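Presented below is the structure to which this report refers.
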Amino acid sequence: MTPDATVVVRYDEAHRTVVEQTLRTLVRMRGILMLVLGTLLGALVLVPLVAAASAGIDAAFVVVGGALLVVPLVLIVLGVRQLRRRPRLPEVAVTITPTSVLFPAVERPSALAPRLRAEEWPREGTSVEIFRASGLQKARVEFTRHDGGKRRRRSIAADSLDVDARVIEDALRGSHTS
């Protein structure tokens with residue numbers, strides 16, 4: 001493989017489908033649990049608040065109780081937002097060009113976590129390492145770069161790619177294979 005070649009690494013379609021189905025299930029369950037927790041917490045705060053208000057307790061107590069309703073409302077809003085999410089893996093896992101390494105944007109399954117933005121790293125100074133499967137950890141390809149004293153990493157599951165991980169390693173290092 002020549003250093004001037006562009007290598008486009010895609011996710012294997014079968015693995016991609018399985019991952020997306022798993023993500024949909026997890027996202028849905030997390031959203032439902034957030035709705036249930038928000039509703040229970042809201043009832044837990046609201047019932048004593050209504051009882052205290054009807055008994056003629058001080059207005060400051062009612063204001064504090066109303067402020068406590070913010071947490072359940074936030075949980076309910078996040079739960080609804082979570083149920084609307086449709087996380088998908090991008091088609092392309094990574095693209096290695098003669099001058100750069102391109103990563104696509106990746107949507108995370110959590111409503112609280114921001115999506116990983118698409119990035120372009122210079123090829124010089126970017127290293128790649130293949131981590132073999134061990135214990136509960138699956139095999140992964142990890143890209144590392146030092147930017148202004150800060151170490152940046154991006155990982156890709158090795159078993160979900162359409163090529164062998166060594167092809168990525170060879171492409172980034174620019175080695176010649178036969």
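So you can find residues: chains in the structure tokens are A, B, ... in the order shown, residues in each start at 1, and ligands are numbered from 1 in order.
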task: Would you kindly return, as a VMD selection string, each protein, DNA or RNA residue with an atom no farther than 9 Å from any atom of stretch 160-175 of chain A, considering only C-alpha atoms and excluding same-chain residues fewer than 2 positions away?
output: chain A and resid 1 to 7 9 to 16 93 96 to 98 101 123 126 to 130 140 to 141 156 to 158 177
- request: Would you mind writing down, as a ChimeraX atom specification, each residue of chain A that DSSP on the backbone assigns to alpha helix (DSSP H)?
  value: /A:13-54,59-68,70-84,165-173
message: List the spatial neighbours of A:Glu107 as a list in words - criterion: any atom at most 8 Å away, only C-alpha atoms, same-chain residues fewer than 3 positions off excluded.
response: Pro87, Arg88, Leu89, Pro114, Arg115 and Leu116 of chain A
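Note that atom CA of A:Gly38 and atom CA of A:Asp58 are 26.1 Å apart.
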query: Which is closer to A:Glu20 than all the others in A:Ala55, A:Arg84, A:Ala133, A:Pro90, using only C-alpha atoms?
result: A:Pro90
